[in-house]
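> Sharing target_8.tsv below, TSV, C-alpha atoms:
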chain	number	residue	atom	x	y	z
T	1	MET	CA	2.93	-34.58	9.82
T	2	SER	CA	3.40	-35.18	6.12
T	3	GLY	CA	3.28	-32.54	3.42
T	4	GLU	CA	0.04	-34.10	2.20
T	5	GLU	CA	-1.56	-33.64	5.62
T	6	ILE	CA	-0.33	-30.05	5.90
T	7	SER	CA	-1.70	-29.10	2.48
T	8	LYS	CA	-5.21	-30.05	3.61
T	9	LEU	CA	-5.22	-27.80	6.68
T	10	ASN	CA	-7.17	-24.56	6.66
T	11	ASN	CA	-5.40	-23.11	9.68
T	12	ALA	CA	-1.87	-24.45	9.70
T	13	LEU	CA	0.85	-24.15	12.30
T	14	LEU	CA	4.13	-25.33	10.89
T	15	THR	CA	7.57	-25.98	12.34
T	16	ILE	CA	10.30	-26.08	9.74
T	17	ASP	CA	13.76	-27.49	10.30
T	18	GLU	CA	15.02	-27.46	6.72
T	19	GLU	CA	14.45	-24.90	3.98
T	20	GLU	CA	13.54	-27.65	1.52
T	21	ILE	CA	10.43	-28.71	3.44
T	22	LEU	CA	8.77	-25.42	2.55
T	23	ILE	CA	9.68	-25.64	-1.08
T	24	ASN	CA	8.39	-29.19	-1.52
T	25	LEU	CA	5.01	-28.83	0.18
T	26	ASP	CA	1.81	-28.53	-1.82
T	27	MET	CA	0.35	-25.48	-0.09
T	28	SER	CA	-2.47	-24.93	-2.58
T	29	GLU	CA	-5.30	-25.54	-0.10
T	30	VAL	CA	-3.85	-23.74	2.95
T	31	THR	CA	-5.71	-20.54	3.77
T	32	ASP	CA	-4.17	-19.23	7.01
T	33	LEU	CA	-0.62	-20.13	7.98
T	34	SER	CA	1.63	-19.27	10.91
T	35	ILE	CA	5.16	-20.56	10.68
T	36	ILE	CA	6.38	-20.66	14.26
T	37	SER	CA	9.94	-21.77	13.65
T	38	ALA	CA	12.05	-21.71	10.55
T	39	SER	CA	15.74	-22.26	10.69
T	40	GLN	CA	18.38	-24.11	8.83
T	41	ASN	CA	21.22	-24.63	11.24
T	42	GLY	CA	20.79	-21.07	12.53
T	43	ASN	CA	20.90	-19.51	9.05
T	44	THR	CA	18.29	-17.24	7.60
T	45	ILE	CA	15.62	-18.58	5.27
T	46	LYS	CA	14.96	-17.45	1.70
T	47	LEU	CA	11.55	-18.12	0.18
T	48	ASN	CA	11.87	-18.84	-3.56
T	49	GLY	CA	8.48	-19.38	-5.15
T	50	THR	CA	7.45	-21.15	-1.98
T	51	PHE	CA	3.81	-20.10	-2.05
T	52	TYR	CA	3.56	-19.65	-5.82
T	53	ASN	CA	-0.08	-19.77	-6.95
T	54	CYS	CA	-1.54	-20.62	-3.50
T	55	LYS	CA	-4.87	-19.11	-4.45
T	56	ALA	CA	-6.59	-19.92	-1.12
T	57	LEU	CA	-3.87	-18.42	1.12
T	58	TYR	CA	-5.19	-15.20	2.65
T	59	SER	CA	-2.98	-14.76	5.73
T	60	ILE	CA	0.56	-15.73	6.66
T	61	THR	CA	2.85	-15.00	9.59
T	62	LEU	CA	6.54	-15.59	8.96
T	63	PRO	CA	9.17	-16.02	11.69
T	64	ASP	CA	12.08	-13.63	12.22
T	65	SER	CA	14.49	-15.97	10.42
T	66	VAL	CA	12.77	-15.33	7.06
T	67	ILE	CA	14.54	-12.28	5.66
T	68	TYR	CA	14.33	-12.80	1.88
T	69	LEU	CA	11.12	-13.02	-0.14
T	70	ASN	CA	12.79	-13.98	-3.39
T	71	LEU	CA	11.56	-14.56	-6.92
T	72	TYR	CA	7.83	-15.45	-7.06
T	73	ALA	CA	7.59	-16.01	-3.26
T	74	PHE	CA	3.84	-15.26	-3.24
T	75	LYS	CA	3.14	-14.80	-6.96
T	76	GLY	CA	-0.46	-15.65	-7.83
T	77	CYS	CA	-1.69	-15.79	-4.22
T	78	SER	CA	-4.90	-14.14	-5.30
T	79	SER	CA	-6.58	-14.27	-1.85
T	80	LEU	CA	-3.60	-12.92	0.14
T	81	THR	CA	-4.63	-9.92	2.24
T	82	ASN	CA	-2.38	-10.19	5.29
T	83	LEU	CA	1.35	-10.84	5.59
T	84	SER	CA	3.30	-10.47	8.80
T	85	ALA	CA	7.06	-10.61	8.31
T	86	LYS	CA	9.04	-8.39	10.67
T	87	ASN	CA	12.59	-9.07	9.49
T	88	VAL	CA	12.27	-9.20	5.71
T	89	THR	CA	15.03	-7.12	4.15
T	90	TYR	CA	14.55	-8.08	0.50
T	91	ILE	CA	11.44	-8.25	-1.71
T	92	GLY	CA	12.41	-10.14	-4.86
T	93	GLN	CA	11.25	-9.90	-8.47
T	94	SER	CA	7.53	-10.63	-8.85
T	95	ALA	CA	7.33	-11.62	-5.17
T	96	PHE	CA	3.70	-10.45	-4.93
T	97	GLU	CA	2.79	-10.38	-8.62
T	98	ASP	CA	-0.93	-10.99	-9.22
T	99	CYS	CA	-1.84	-10.86	-5.51
T	100	ILE	CA	-5.09	-9.21	-6.49
T	101	SER	CA	-6.59	-9.09	-2.97
T	102	LEU	CA	-3.80	-6.94	-1.50
T	103	THR	CA	-5.13	-3.43	-0.88
T	104	ASN	CA	-2.54	-1.98	1.50
T	105	PHE	CA	0.92	-3.27	2.27
T	106	GLU	CA	3.33	-2.22	4.99
T	107	LEU	CA	6.89	-3.20	4.19
T	108	PRO	CA	8.79	-4.38	7.23
T	109	SER	CA	10.95	-1.55	8.60
T	110	LYS	CA	14.12	-3.51	7.77
T	111	THR	CA	13.30	-3.83	4.06
T	112	SER	CA	16.09	-2.30	2.00
T	113	GLN	CA	15.34	-3.62	-1.51
T	114	ILE	CA	12.27	-4.01	-3.72
T	115	ARG	CA	13.07	-5.66	-7.04
T	116	ASN	CA	11.46	-5.56	-10.49
T	117	GLN	CA	7.71	-6.01	-10.78
T	118	ALA	CA	7.41	-6.95	-7.08
T	119	PHE	CA	3.74	-5.89	-6.98
T	120	LYS	CA	2.88	-6.17	-10.68
T	121	GLY	CA	-0.77	-7.00	-11.32
T	122	CYS	CA	-1.92	-6.28	-7.76
T	123	LEU	CA	-5.15	-4.89	-9.15
T	124	ASN	CA	-6.54	-3.65	-5.82
T	125	LEU	CA	-3.33	-2.34	-4.25
T	126	GLU	CA	-3.94	1.26	-3.19
T	127	SER	CA	-1.04	2.09	-0.90
T	128	ILE	CA	2.25	0.90	0.48
T	129	SER	CA	4.31	1.99	3.49
T	130	ILE	CA	8.07	2.20	3.06
T	131	GLY	CA	10.52	2.49	5.96
T	132	LYS	CA	13.69	4.48	6.54
T	133	LYS	CA	16.03	1.88	4.99
T	134	MET	CA	14.80	2.67	1.45
T	135	LYS	CA	16.79	5.76	0.50
T	136	SER	CA	18.66	5.21	-2.77
T	137	ASN	CA	17.72	4.66	-6.39
T	138	ASP	CA	19.39	1.26	-6.67
T	139	GLN	CA	17.14	-0.15	-3.93
T	140	PHE	CA	14.12	0.08	-6.23
T	141	GLY	CA	13.59	-2.18	-9.23
T	142	TYR	CA	11.74	-1.36	-12.44
T	143	GLU	CA	7.96	-1.45	-12.86
T	144	ILE	CA	7.34	-2.29	-9.19
T	145	PHE	CA	3.69	-1.25	-9.45
T	146	ASP	CA	3.04	-2.15	-13.10
T	147	ASN	CA	-0.66	-2.86	-13.77
T	148	CYS	CA	-1.80	-1.63	-10.35
T	149	PRO	CA	-4.66	0.63	-11.49
T	150	LYS	CA	-5.81	1.64	-7.99
T	151	PHE	CA	-2.35	2.46	-6.64
T	152	LYS	CA	-2.22	6.04	-5.39
T	153	THR	CA	-0.26	6.45	-2.12
T	154	ILE	CA	3.17	5.73	-0.66
T	155	ASN	CA	3.66	6.40	3.03
T	156	TYR	CA	7.37	7.17	3.36
T	157	ALA	CA	9.13	7.29	6.74
T	158	LEU	CA	11.55	10.06	5.72
T	159	THR	CA	11.32	13.61	4.35
T	160	ILE	CA	10.27	14.95	0.94
T	161	GLN	CA	13.92	15.82	0.21
T	162	ASP	CA	14.96	12.26	1.07
T	163	TRP	CA	12.37	10.99	-1.41
T	164	LYS	CA	13.54	13.39	-4.14
T	165	ASN	CA	17.14	12.30	-3.54
T	166	ILE	CA	16.18	8.76	-4.51
T	167	ASN	CA	15.52	10.02	-8.08
T	168	ILE	CA	13.21	7.12	-8.83
T	169	GLU	CA	11.18	8.82	-11.56
T	170	ASN	CA	13.53	7.65	-14.31
T	171	LYS	CA	12.66	4.02	-13.60
T	172	SER	CA	8.91	4.56	-13.96
T	173	SER	CA	8.43	2.31	-10.95
T	174	ILE	CA	5.94	4.66	-9.35
T	175	PRO	CA	2.82	5.60	-11.34
T	176	LYS	CA	2.40	9.29	-12.24
T	177	GLY	CA	0.07	11.05	-9.84
T	178	THR	CA	1.05	8.89	-6.86
T	179	ILE	CA	1.04	10.87	-3.61
T	180	ILE	CA	4.14	10.37	-1.45
T	181	LYS	CA	3.24	11.08	2.19
T	182	CYS	CA	6.47	11.99	3.97
T	183	THR	CA	7.20	13.03	7.55
T	184	ASP	CA	7.24	16.70	6.52
T	185	GLY	CA	4.42	16.81	3.98
T	186	GLU	CA	3.27	15.37	0.67
T	187	TYR	CA	4.87	15.12	-2.74
T	188	LYS	CA	3.07	14.24	-5.97
T	189	MET	CA	4.84	12.14	-8.61
Would you mind writing the file's structure down as structure tokens?

Amino acid sequence: MSGEEISKLNNALLTIDEEEILINLDMSEVTDLSIISASQNGNTIKLNGTFYNCKALYSITLPDSVIYLNLYAFKGCSSLTNLSAKNVTYIGQSAFEDCISLTNFELPSKTSQIRNQAFKGCLNLESISIGKKMKSNDQFGYEIFDNCPKFKTINYALTIQDWKNINIENKSSIPKGTIIKCTDGEYKM
């Protein structure tokens, strides 16, 4: 199946043998995508701007081999509401910038870094769930939730003291007034 044929599918199932095939496809018309296999000689896959500006894409399921959502991975995917990616450890700069249809987002439990402006301009984003791997200040970039006017809740898989130990306030990544729901109660930024 050629890249041209794939870009015209509304419900695509894709097998990928080389990282480059993803990067070179015109995915602008794909709406629902399940990638069932993605490997490059057994290595992990990094998505760099792969789905940049795919305005019709509303749902995507990524295989376990995709562990990095790098720079602009889904930037401008204005219809994106559902992402399934179990093994992602890294959310790169502006990875979800301007994904205006995202309302809630659950980071994979293995995620250990969220870089600058990862969710900037997600106008309808209200909450995010963060797992136990996120526990130090250097794991959070700057302005992660910049221009997210509806953002109000972080569900955090550790305690209030663990959250306070991160000392993230000095980066202004989390909007003032955000409620952090921890395993032992709530904390207001």
> Between T:Tyr187, T:Phe96, T:Tyr72, T:Tyr142, which is the closest to Asn48 (chain T) once you count only C-alpha atoms?
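Of all the options, T:Tyr72 lies closest to Asn48 (chain T).
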> Using all atoms listed in the file, which of T:Ile91, T:Leu71, T:Cys99, T:Ile160 sits nearest Ile180 (chain T)?
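Residue with the minimum atom-to-atom distance to Ile180 (chain T): T:Ile160.
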> CA of Cys122 (chain T) to CA of Glu97 (chain T): how many Å, to one decimal?
6.3 Å
> What does the distance between CA of Asp184 (chain T) and CA of Thr89 (chain T) come to in Å, to one decimal place?
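Between CA of Asp184 (chain T) and CA of Thr89 (chain T) the gap works out to 25.2 Å.
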> Could you state the separation of CA of Gln161 (chain T) and CA of Ser136 (chain T) in Å, given to one decimal place?
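One can read the CA of Gln161 (chain T) to CA of Ser136 (chain T) distance as 12.0 Å.
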> Please list as a ChimeraX atom specification every residue within 10 Å of Asn104 (chain T), counting only C-alpha atoms and excluding residues in the same chain fewer than 3 positions away.
/T:81-82,101,107,124-129,151,153-154
> Grab the residues selected above and save them as a CSV table (one decimal), keeping the file's coordinate frame with C-alpha atoms.

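The resulting file, part-v3.csv, is shown below:
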chain,number,residue,atom,x,y,z
T,81,THR,CA,-4.6,-9.9,2.2
T,82,ASN,CA,-2.4,-10.2,5.3
T,101,SER,CA,-6.6,-9.1,-3.0
T,107,LEU,CA,6.9,-3.2,4.2
T,124,ASN,CA,-6.5,-3.6,-5.8
T,125,LEU,CA,-3.3,-2.3,-4.2
T,126,GLU,CA,-3.9,1.3,-3.2
T,127,SER,CA,-1.0,2.1,-0.9
T,128,ILE,CA,2.2,0.9,0.5
T,129,SER,CA,4.3,2.0,3.5
T,151,PHE,CA,-2.4,2.5,-6.6
T,153,THR,CA,-0.3,6.4,-2.1
T,154,ILE,CA,3.2,5.7,-0.7
> Given the choices T:Ser109, T:Gln139, T:Thr50, T:Asn155, which gets closest to Leu69 (chain T) if the distance is worked out from all atoms listed in the file?
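Going through T:Ser109, T:Gln139, T:Thr50, T:Asn155 one by one, the smallest distance to Leu69 (chain T) is for T:Thr50.
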> Tell me which of T:Pro63, T:Gly49, T:Gly177, T:Gly121 sits closest to Gly92 (chain T), counting all atoms listed in the file.
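Among T:Pro63, T:Gly49, T:Gly177, T:Gly121, it is T:Gly49 that comes nearest to Gly92 (chain T).
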> Identify which of the residues T:Lys75, T:Lys132, T:Lys188, T:Lys176 lies closest to Phe51 (chain T), counting all atoms listed in the file when measuring atom-to-atom distances.
T:Lys75
> Ranking T:Ala157, T:Ala118, T:Ile166, T:Met189 by minimum distance to Asn137 (chain T) and counting all atoms listed in the file, which one comes first?
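Once distances to Asn137 (chain T) are computed over all atoms listed in the file, the minimum belongs to T:Ile166.
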> Applying 7 Å and all atoms listed in the file, which residues near Phe145 (chain T) remain after dropping the ones on its own chain fewer than 5 positions away? List them as a list in words.
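Returned residues: Gln117, Phe119, Lys120, Ser173 and Ile174 of chain T.
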